[in-house]
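Text of the file query_15.txt, holding compact mmCIF, C-alpha atoms:
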```txt
# COMPACT_ATOMS: atom_id res chain seq x y z
CA MET A 1 -80.30 13.54 63.61
CA SER A 2 -80.94 11.69 60.39
CA ILE A 3 -82.27 14.85 58.80
CA LEU A 4 -79.03 16.65 59.67
CA SER A 5 -76.96 13.81 58.20
CA ASN A 6 -78.94 13.87 55.01
CA LYS A 7 -78.40 17.61 54.69
CA VAL A 8 -74.71 17.22 55.27
CA ARG A 9 -74.56 14.43 52.67
CA VAL A 10 -76.50 16.51 50.17
CA GLY A 11 -74.27 19.54 50.79
CA LEU A 12 -71.12 17.44 50.40
CA GLY A 13 -72.49 15.92 47.22
CA ILE A 14 -73.26 19.33 45.79
CA THR A 15 -69.75 20.55 46.67
CA VAL A 16 -68.07 17.55 45.02
CA ALA A 17 -70.34 17.92 42.00
CA ALA A 18 -69.39 21.58 41.69
CA VAL A 19 -65.67 20.81 41.93
CA SER A 20 -66.01 18.02 39.39
CA LEU A 21 -67.98 20.22 37.03
CA THR A 22 -65.22 22.85 37.11
CA ALA A 23 -62.88 20.21 35.71
CA LEU A 24 -65.17 19.43 32.80
CA PRO A 25 -64.22 22.48 30.65
CA ALA A 26 -60.55 21.38 30.61
CA SER A 27 -61.57 17.85 29.64
CA ALA A 28 -63.97 19.19 27.04
CA ALA A 29 -61.21 21.42 25.60
CA GLN A 30 -58.90 18.45 25.28
CA ALA A 31 -61.65 16.47 23.58
CA ALA A 32 -62.29 19.34 21.14
CA ALA A 33 -58.55 19.63 20.38
CA GLY A 34 -57.97 16.06 19.21
CA GLU A 35 -60.45 13.48 20.50
CA GLN A 36 -63.75 13.31 18.63
CA HIS A 37 -65.11 10.27 20.48
CA ALA A 38 -64.98 9.13 24.11
CA SER A 39 -62.30 6.54 24.73
CA LYS A 40 -62.94 3.08 26.06
CA GLN A 41 -61.39 4.08 29.39
CA GLU A 42 -63.69 7.11 29.67
CA ASN A 43 -66.79 5.03 28.97
CA ILE A 44 -65.79 2.51 31.62
CA GLY A 45 -65.07 5.35 34.08
CA VAL A 46 -68.46 6.96 33.47
CA LEU A 47 -70.38 3.73 33.96
CA THR A 48 -68.36 2.71 36.99
CA GLY A 49 -68.62 6.19 38.55
CA ALA A 50 -72.35 6.34 37.94
CA ALA A 51 -72.90 2.97 39.56
CA VAL A 52 -70.71 3.72 42.56
CA GLY A 53 -72.10 7.26 42.96
CA ALA A 54 -75.71 6.11 42.74
CA ALA A 55 -75.09 3.45 45.36
CA ALA A 56 -73.36 5.92 47.64
CA GLY A 57 -75.38 9.11 47.16
CA GLY A 58 -78.34 8.61 44.93
CA PRO A 59 -78.85 10.80 41.87
CA ILE A 60 -76.41 13.44 43.04
CA GLY A 61 -73.86 10.75 43.80
CA ALA A 62 -74.46 9.28 40.36
CA MET A 63 -73.75 12.67 38.79
CA VAL A 64 -70.59 13.09 40.83
CA GLY A 65 -69.56 9.54 39.99
CA ILE A 66 -70.13 10.14 36.28
CA VAL A 67 -67.90 13.23 36.30
CA ALA A 68 -65.22 11.64 38.47
CA GLY A 69 -65.31 8.44 36.44
CA ALA A 70 -65.00 10.39 33.19
CA LEU A 71 -61.99 12.27 34.52
CA LEU A 72 -60.30 9.10 35.73
CA GLY A 73 -61.10 7.34 32.47
CA HIS A 74 -59.67 10.27 30.50
CA HIS A 75 -56.51 10.17 32.61
CA TYR A 76 -56.01 6.48 31.98
CA HIS A 77 -56.76 6.99 28.28
CA GLN A 78 -54.05 9.68 28.06
CA GLN A 79 -51.64 7.38 29.85
CA SER A 80 -52.46 4.62 27.40
CA VAL A 81 -51.89 6.95 24.44
CA ALA A 82 -48.54 8.01 25.92
CA ASN A 83 -47.55 4.38 26.41
CA ARG A 84 -48.43 3.55 22.81
CA SER A 85 -46.42 6.57 21.62
CA LEU A 86 -43.43 5.39 23.65
CA ALA A 87 -43.84 1.90 22.21
CA VAL A 88 -43.83 3.33 18.66
CA GLN A 89 -40.71 5.39 19.46
CA ASN A 90 -38.99 2.32 20.91
CA HIS A 91 -39.89 0.37 17.79
CA ASP A 92 -38.49 3.14 15.57
CA LEU A 93 -35.31 3.29 17.65
CA ALA A 94 -34.93 -0.47 17.41
CA ALA A 95 -35.36 -0.27 13.61
CA GLN A 96 -32.79 2.54 13.41
CA ASN A 97 -30.35 0.54 15.55
CA GLN A 98 -30.84 -2.48 13.30
CA ALA A 99 -30.27 -0.36 10.17
CA LEU A 100 -27.18 1.19 11.77
CA SER A 101 -25.82 -2.25 12.67
CA ALA A 102 -26.39 -3.44 9.10
CA SER A 103 -24.65 -0.33 7.77
CA LEU A 104 -21.71 -0.88 10.10
CA GLY A 105 -21.51 -4.50 8.98
CA GLN A 106 -21.52 -3.44 5.34
CA SER A 107 -18.84 -0.84 6.06
CA GLU A 108 -16.71 -3.46 7.79
CA HIS A 109 -17.15 -5.79 4.82
CA GLU A 110 -16.14 -3.01 2.42
CA ARG A 111 -13.17 -2.15 4.64
CA GLU A 112 -12.02 -5.77 4.53
CA GLY A 113 -12.45 -5.75 0.75
CA LEU A 114 -10.40 -2.57 0.43
CA ALA A 115 -7.74 -4.03 2.73
CA GLY A 116 -7.56 -7.10 0.50
CA LYS A 117 -7.23 -4.98 -2.63
CA LEU A 118 -4.54 -2.87 -0.94
CA SER A 119 -2.63 -6.03 -0.03
CA VAL A 120 -2.80 -7.28 -3.62
CA THR A 121 -1.70 -3.86 -4.91
CA THR A 122 1.19 -3.79 -2.45
CA GLN A 123 2.31 -7.25 -3.53
CA SER A 124 2.01 -6.24 -7.18
CA LEU A 125 4.02 -3.08 -6.53
CA ALA A 126 6.69 -5.09 -4.72
CA SER A 127 6.84 -7.49 -7.67
CA ILE A 128 7.17 -4.60 -10.13
CA GLN A 129 9.94 -3.06 -8.03
CA ALA A 130 11.76 -6.40 -7.93
CA GLN A 131 11.44 -6.74 -11.71
CA ARG A 132 12.69 -3.17 -12.14
CA ALA A 133 15.67 -3.86 -9.90
CA GLU A 134 16.46 -6.98 -11.93
CA LEU A 135 16.09 -5.00 -15.13
CA ASP A 136 18.41 -2.29 -13.80
CA ARG A 137 20.95 -4.96 -12.96
CA THR A 138 20.61 -6.37 -16.48
CA VAL A 139 21.14 -2.92 -17.96
CA GLN A 140 24.27 -2.44 -15.86
CA LEU A 141 25.63 -5.75 -17.15
CA SER A 142 24.42 -5.27 -20.71
CA ASP A 143 27.72 -3.81 -21.90
CA ASP A 144 29.30 -7.17 -21.10
CA ILE A 145 26.75 -9.17 -23.12
CA GLU A 146 27.73 -9.87 -26.70
CA THR A 147 27.80 -12.65 -29.24
CA ASP A 148 29.46 -13.27 -32.59
CA VAL A 149 27.85 -14.58 -35.77
CA VAL A 150 30.32 -16.13 -38.22
CA PHE A 151 29.98 -16.20 -42.01
CA LYS A 152 31.35 -18.15 -44.93
CA THR A 153 33.80 -16.64 -47.39
CA ALA A 154 32.21 -13.96 -49.61
CA ASP A 155 28.78 -14.69 -48.06
CA ALA A 156 26.34 -12.45 -46.10
CA SER A 157 23.68 -15.06 -45.32
CA ILE A 158 23.16 -16.22 -41.72
CA ASN A 159 23.63 -19.88 -40.89
CA SER A 160 20.42 -21.33 -39.39
CA LEU A 161 22.47 -22.62 -36.45
CA GLU A 162 23.13 -19.02 -35.43
CA LEU A 163 19.42 -18.04 -35.19
CA PRO A 164 18.64 -19.45 -31.67
CA ALA A 165 21.41 -17.32 -30.13
CA LEU A 166 20.20 -14.25 -32.03
CA ASN A 167 16.62 -14.89 -30.86
CA ARG A 168 17.72 -15.08 -27.23
CA ILE A 169 19.80 -11.92 -27.31
CA GLY A 170 17.04 -10.19 -29.27
CA ALA A 171 14.45 -11.04 -26.59
CA LEU A 172 16.81 -9.74 -23.91
CA ALA A 173 17.45 -6.53 -25.84
CA ALA A 174 13.72 -5.99 -26.36
CA SER A 175 13.16 -6.01 -22.56
CA LEU A 176 15.72 -3.27 -21.91
CA PRO A 177 14.65 0.36 -21.23
CA PRO A 178 14.09 2.63 -24.24
CA GLY A 179 17.51 4.25 -23.88
CA ALA A 180 19.34 0.96 -24.42
CA LYS A 181 20.93 0.21 -27.76
CA VAL A 182 22.09 -2.86 -29.64
CA ARG A 183 25.34 -2.45 -31.57
CA VAL A 184 25.71 -4.63 -34.67
CA ASP A 185 29.22 -4.44 -36.10
CA GLY A 186 30.19 -6.34 -39.27
CA TYR A 187 33.74 -7.41 -40.25
CA ALA A 188 35.54 -9.13 -43.13
CA ASP A 189 38.87 -10.89 -43.55
CA PRO A 190 41.67 -8.96 -45.29
CA ARG A 191 41.41 -10.70 -48.64
CA GLY A 192 40.00 -8.73 -51.56
CA PRO A 193 39.55 -5.03 -52.29
CA ALA A 194 38.81 -2.73 -49.39
CA THR A 195 35.58 -1.41 -50.94
CA LEU A 196 34.30 -4.95 -51.36
CA ASN A 197 35.20 -5.77 -47.76
CA ASP A 198 33.40 -2.64 -46.55
CA ASP A 199 30.21 -3.46 -48.45
CA LEU A 200 30.28 -7.12 -47.45
CA SER A 201 30.79 -6.36 -43.74
CA LEU A 202 27.84 -3.93 -43.82
CA GLN A 203 25.63 -6.48 -45.60
CA ARG A 204 26.44 -9.03 -42.92
CA ALA A 205 25.62 -6.54 -40.14
CA GLU A 206 22.32 -5.62 -41.79
CA ALA A 207 21.35 -9.29 -42.15
CA VAL A 208 21.91 -9.79 -38.40
CA ALA A 209 19.96 -6.62 -37.63
CA VAL A 210 16.97 -7.94 -39.59
CA ALA A 211 17.11 -11.19 -37.59
CA LEU A 212 17.17 -9.20 -34.33
CA GLN A 213 14.14 -7.18 -35.43
CA LYS A 214 12.26 -10.42 -36.05
CA ALA A 215 13.22 -11.43 -32.50
CA GLY A 216 11.52 -8.30 -31.14
CA VAL A 217 14.16 -5.58 -31.08
CA PRO A 218 12.76 -2.18 -32.19
CA GLN A 219 14.52 -0.78 -35.21
CA ASP A 220 15.35 2.49 -33.45
CA ARG A 221 17.45 0.62 -30.90
CA LEU A 222 19.74 -0.93 -33.50
CA VAL A 223 23.07 0.70 -34.32
CA VAL A 224 24.55 -0.96 -37.42
CA ALA A 225 28.03 -0.45 -38.83
CA GLY A 226 30.36 -2.17 -41.28
CA HIS A 227 34.10 -2.07 -40.60
CA GLY A 228 35.45 -4.07 -43.52
CA SER A 229 38.83 -5.67 -42.79
CA SER A 230 40.26 -2.67 -40.95
CA GLN A 231 40.35 -4.43 -37.57
CA SER A 232 41.73 -7.76 -38.75
CA THR A 233 44.80 -8.98 -36.79
CA SER A 234 45.13 -12.28 -38.61
CA PRO A 235 48.56 -13.18 -40.07
CA GLN A 236 48.63 -12.85 -43.83
CA GLY A 237 47.61 -16.10 -45.51
CA ASP A 238 46.31 -17.75 -42.27
CA LEU A 239 42.99 -19.15 -43.48
CA ASP A 240 42.00 -20.48 -40.06
CA ALA A 241 42.46 -17.02 -38.54
CA TYR A 242 40.49 -15.47 -41.39
CA ALA A 243 37.44 -17.48 -40.28
CA PHE A 244 37.30 -15.36 -37.09
CA ASP A 245 37.49 -12.15 -39.13
CA ARG A 246 34.34 -13.02 -41.11
CA ARG A 247 31.90 -12.19 -38.32
CA VAL A 248 29.25 -9.83 -36.95
CA THR A 249 29.48 -8.84 -33.27
CA VAL A 250 26.21 -8.10 -31.43
CA ARG A 251 26.64 -6.15 -28.17
CA LEU A 252 24.06 -4.64 -25.81
CA GLN A 253 24.58 -1.11 -24.58
CA GLY A 254 22.81 0.27 -21.50
CA ALA A 255 23.48 3.87 -22.57
CA PRO A 256 22.56 5.52 -25.89
CA ALA A 257 24.95 4.86 -28.73
CA VAL A 258 27.78 7.29 -29.23
CA ALA A 259 27.60 9.93 -31.96
CA GLY A 260 28.85 9.03 -35.40
CA THR A 261 27.04 5.67 -35.71
CA SER A 262 23.93 5.03 -37.73
CA GLY A 263 20.94 2.70 -37.73
CA VAL A 264 19.41 0.31 -40.21
CA GLY A 265 18.39 2.10 -43.35
CA ALA A 266 20.51 5.17 -42.53
CA SER A 267 22.16 6.91 -45.43
CA GLY A 268 25.76 6.54 -44.22
CA PRO A 269 26.90 3.52 -42.17
CA GLU A 270 30.10 3.92 -40.24
CA VAL A 271 32.93 2.38 -42.27
CA ALA A 272 36.58 2.32 -41.24
CA ASP A 273 39.32 3.25 -43.62
CA ALA A 274 40.30 0.41 -45.95
CA THR A 275 43.59 -1.35 -45.45
CA PRO A 276 45.72 -2.91 -48.18
CA ALA A 277 43.99 -6.14 -49.14
CA ALA A 278 45.52 -9.45 -50.14
CA SER A 279 44.24 -11.38 -53.10
CA GLY A 280 41.24 -13.69 -52.76
CA SER A 281 37.72 -13.32 -51.39
CA PRO A 282 37.02 -11.81 -47.91
```
Could you take the file, read its structure, and then write that structure out as structure tokens?
Amino acid sequence: MSILSNKVRVGLGITVAAVSLTALPASAAQAAAGEQHASKQENIGVLTGAAVGAAAGGPIGAMVGIVAGALLGHHYHQQSVANRSLAVQNHDLAAQNQALSASLGQSEHEREGLAGKLSVTTQSLASIQAQRAELDRTVQLSDDIETDVVFKTADASINSLELPALNRIGALAASLPPGAKVRVDGYADPRGPATLNDDLSLQRAEAVAVALQKAGVPQDRLVVAGHGSSQSTSPQGDLDAYAFDRRVTVRLQGAPAVAGTSGVGASGPEVADATPAASGSP
């Protein structure tokens, strides 16, 4: 009976060994493809299989145990390699997620910065529009803004007391749009020859124009004319009324000056026809 059992055991061992050996070519092929040395798991499997096989079936059992242990060790080694690969992929994904989060944070920061700049630009645009509206209103009212500069008899020099008013109106005129003009009209009282009154009224207007240029008014916006005594309405011999005739009127115009007038330095200032003059100085 024992002899039969031994034969059966030997036959079973040979069968298992044959099956195990058929699996070796696949394992060997895998080793040739990328694994030059046996892994730690394979070494442990071989030793463990040899020990268990020898205890169970002697030399044949040891051989079977070696093959089976190698296969199991190789399986666990492949599983370990796969786990490490997954761990590396997870690490890479975590790094990519972190980089993406940082990029999103930077984008949000830039978006907030752009929103702040847009808000400042909008406020600046609103301020410019408000200033433009105020300027348009000033231009619409400019035809109603004027001032008079009075002069002494037979004199074309400006009194220093008149300069602050000229500086203010000059600053206002300088802020008007390019199409705006500043009319400077000179007058004289009816005393004296008409030609003298014409020249004196123009000299007074030019003196005021120079003061306005110093206040910031561009020369091409100035329209200067001398009218002599042609527009005087003072009673003859009324010296107090004559004081109002000796003047230069400065008036802002929102629209370009009408044709027929001339600027500072022009060859022909507009001069009204002379009227009969009384004796004395204008």
Contacts of range 203-216 of chain A at 6 Å (all atoms listed in the file; same-chain gap of 3+ positions) as a PDB file with C-alpha atoms, in the coordinates of the input:
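Output file around.pdb follows:
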```pdb
ATOM      1  CA  ALA A 156      26.340 -12.450 -46.100  1.00  0.00           C
ATOM      2  CA  ASN A 167      16.620 -14.890 -30.860  1.00  0.00           C
ATOM      3  CA  GLY A 170      17.040 -10.190 -29.270  1.00  0.00           C
ATOM      4  CA  ALA A 174      13.720  -5.990 -26.360  1.00  0.00           C
ATOM      5  CA  VAL A 184      25.710  -4.630 -34.670  1.00  0.00           C
ATOM      6  CA  ASP A 185      29.220  -4.440 -36.100  1.00  0.00           C
ATOM      7  CA  GLY A 186      30.190  -6.340 -39.270  1.00  0.00           C
ATOM      8  CA  LEU A 200      30.280  -7.120 -47.450  1.00  0.00           C
ATOM      9  CA  VAL A 248      29.250  -9.830 -36.950  1.00  0.00           C
TER      10      VAL A 248
END
```
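The space separating CA of Arg247 in chain A from CA of Val150 in chain A comes to 4.2 Å.
The gap separating CA of Ala115 in chain A from CA of Ser103 in chain A is 18.0 Å, in Å to one decimal.
When CA of Ala130 in chain A is paired with CA of Pro177 in chain A, their separation reads 15.2 Å.
Taking all atoms listed in the file into account, Val224 in chain A lies nearest to A:Thr249 out of the set A:Gln129, A:Gln236, A:Gln106, A:Thr249.
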Please, could N, CA and C atoms be added to range 212-239 of chain A and the result written as a PDB file, in the coordinates of the input?
```
ATOM      1  N   LEU A 212      17.460  -9.718 -35.669  1.00  0.00           N
ATOM      2  CA  LEU A 212      17.170  -9.200 -34.330  1.00  0.00           C
ATOM      3  C   LEU A 212      15.797  -8.499 -34.291  1.00  0.00           C
ATOM      4  N   GLN A 213      15.457  -7.791 -35.378  1.00  0.00           N
ATOM      5  CA  GLN A 213      14.140  -7.180 -35.430  1.00  0.00           C
ATOM      6  C   GLN A 213      13.042  -8.237 -35.392  1.00  0.00           C
ATOM      7  N   LYS A 214      13.236  -9.329 -36.082  1.00  0.00           N
ATOM      8  CA  LYS A 214      12.260 -10.420 -36.050  1.00  0.00           C
ATOM      9  C   LYS A 214      12.157 -11.015 -34.648  1.00  0.00           C
ATOM     10  N   ALA A 215      13.230 -10.912 -33.870  1.00  0.00           N
ATOM     11  CA  ALA A 215      13.220 -11.430 -32.500  1.00  0.00           C
ATOM     12  C   ALA A 215      12.588 -10.450 -31.520  1.00  0.00           C
ATOM     13  N   GLY A 216      12.217  -9.245 -32.002  1.00  0.00           N
ATOM     14  CA  GLY A 216      11.520  -8.300 -31.140  1.00  0.00           C
ATOM     15  C   GLY A 216      12.239  -7.015 -30.828  1.00  0.00           C
ATOM     16  N   VAL A 217      13.419  -6.802 -31.368  1.00  0.00           N
ATOM     17  CA  VAL A 217      14.160  -5.580 -31.080  1.00  0.00           C
ATOM     18  C   VAL A 217      13.621  -4.441 -31.953  1.00  0.00           C
ATOM     19  N   PRO A 218      13.215  -3.315 -31.365  1.00  0.00           N
ATOM     20  CA  PRO A 218      12.760  -2.180 -32.190  1.00  0.00           C
ATOM     21  C   PRO A 218      13.883  -1.668 -33.077  1.00  0.00           C
ATOM     22  N   GLN A 219      13.506  -1.222 -34.253  1.00  0.00           N
ATOM     23  CA  GLN A 219      14.520  -0.780 -35.210  1.00  0.00           C
ATOM     24  C   GLN A 219      15.310   0.411 -34.690  1.00  0.00           C
ATOM     25  N   ASP A 220      14.649   1.297 -33.907  1.00  0.00           N
ATOM     26  CA  ASP A 220      15.350   2.490 -33.450  1.00  0.00           C
ATOM     27  C   ASP A 220      16.376   2.202 -32.359  1.00  0.00           C
ATOM     28  N   ARG A 221      16.417   0.966 -31.882  1.00  0.00           N
ATOM     29  CA  ARG A 221      17.450   0.620 -30.900  1.00  0.00           C
ATOM     30  C   ARG A 221      18.696   0.025 -31.547  1.00  0.00           C
ATOM     31  N   LEU A 222      18.620  -0.269 -32.804  1.00  0.00           N
ATOM     32  CA  LEU A 222      19.740  -0.930 -33.500  1.00  0.00           C
ATOM     33  C   LEU A 222      20.706   0.112 -34.030  1.00  0.00           C
ATOM     34  N   VAL A 223      21.985  -0.132 -33.788  1.00  0.00           N
ATOM     35  CA  VAL A 223      23.070   0.700 -34.320  1.00  0.00           C
ATOM     36  C   VAL A 223      23.961  -0.206 -35.160  1.00  0.00           C
ATOM     37  N   VAL A 224      23.906  -0.025 -36.480  1.00  0.00           N
ATOM     38  CA  VAL A 224      24.550  -0.960 -37.420  1.00  0.00           C
ATOM     39  C   VAL A 224      25.735  -0.274 -38.093  1.00  0.00           C
ATOM     40  N   ALA A 225      26.827  -0.999 -38.177  1.00  0.00           N
ATOM     41  CA  ALA A 225      28.030  -0.450 -38.830  1.00  0.00           C
ATOM     42  C   ALA A 225      28.814  -1.572 -39.484  1.00  0.00           C
ATOM     43  N   GLY A 226      29.456  -1.240 -40.597  1.00  0.00           N
ATOM     44  CA  GLY A 226      30.360  -2.170 -41.280  1.00  0.00           C
ATOM     45  C   GLY A 226      31.780  -1.650 -41.224  1.00  0.00           C
ATOM     46  N   HIS A 227      32.719  -2.509 -40.799  1.00  0.00           N
ATOM     47  CA  HIS A 227      34.100  -2.070 -40.600  1.00  0.00           C
ATOM     48  C   HIS A 227      35.075  -2.686 -41.599  1.00  0.00           C
ATOM     49  N   GLY A 228      34.562  -3.446 -42.535  1.00  0.00           N
ATOM     50  CA  GLY A 228      35.450  -4.070 -43.520  1.00  0.00           C
ATOM     51  C   GLY A 228      36.483  -4.966 -42.845  1.00  0.00           C
ATOM     52  N   SER A 229      37.745  -4.859 -43.347  1.00  0.00           N
ATOM     53  CA  SER A 229      38.830  -5.670 -42.790  1.00  0.00           C
ATOM     54  C   SER A 229      39.792  -4.818 -41.974  1.00  0.00           C
ATOM     55  N   SER A 230      39.357  -3.624 -41.597  1.00  0.00           N
ATOM     56  CA  SER A 230      40.260  -2.670 -40.950  1.00  0.00           C
ATOM     57  C   SER A 230      40.739  -3.150 -39.581  1.00  0.00           C
ATOM     58  N   GLN A 231      39.969  -4.007 -38.911  1.00  0.00           N
ATOM     59  CA  GLN A 231      40.350  -4.430 -37.570  1.00  0.00           C
ATOM     60  C   GLN A 231      40.857  -5.870 -37.536  1.00  0.00           C
ATOM     61  N   SER A 232      41.205  -6.395 -38.690  1.00  0.00           N
ATOM     62  CA  SER A 232      41.730  -7.760 -38.750  1.00  0.00           C
ATOM     63  C   SER A 232      43.166  -7.793 -38.204  1.00  0.00           C
ATOM     64  N   THR A 233      43.447  -8.772 -37.345  1.00  0.00           N
ATOM     65  CA  THR A 233      44.800  -8.980 -36.790  1.00  0.00           C
ATOM     66  C   THR A 233      45.357 -10.325 -37.213  1.00  0.00           C
ATOM     67  N   SER A 234      44.701 -10.944 -38.191  1.00  0.00           N
ATOM     68  CA  SER A 234      45.130 -12.280 -38.610  1.00  0.00           C
ATOM     69  C   SER A 234      46.422 -12.191 -39.434  1.00  0.00           C
ATOM     70  N   PRO A 235      47.342 -13.141 -39.238  1.00  0.00           N
ATOM     71  CA  PRO A 235      48.560 -13.180 -40.070  1.00  0.00           C
ATOM     72  C   PRO A 235      48.172 -13.372 -41.543  1.00  0.00           C
ATOM     73  N   GLN A 236      48.930 -12.766 -42.407  1.00  0.00           N
ATOM     74  CA  GLN A 236      48.630 -12.850 -43.830  1.00  0.00           C
ATOM     75  C   GLN A 236      48.727 -14.296 -44.295  1.00  0.00           C
ATOM     76  N   GLY A 237      47.652 -14.757 -44.983  1.00  0.00           N
ATOM     77  CA  GLY A 237      47.610 -16.100 -45.510  1.00  0.00           C
ATOM     78  C   GLY A 237      47.130 -17.145 -44.531  1.00  0.00           C
ATOM     79  N   ASP A 238      46.800 -16.782 -43.271  1.00  0.00           N
ATOM     80  CA  ASP A 238      46.310 -17.750 -42.270  1.00  0.00           C
ATOM     81  C   ASP A 238      44.801 -17.916 -42.453  1.00  0.00           C
ATOM     82  N   LEU A 239      44.401 -18.955 -43.178  1.00  0.00           N
ATOM     83  CA  LEU A 239      42.990 -19.150 -43.480  1.00  0.00           C
ATOM     84  C   LEU A 239      42.157 -19.456 -42.244  1.00  0.00           C
TER      85      LEU A 239
END
```
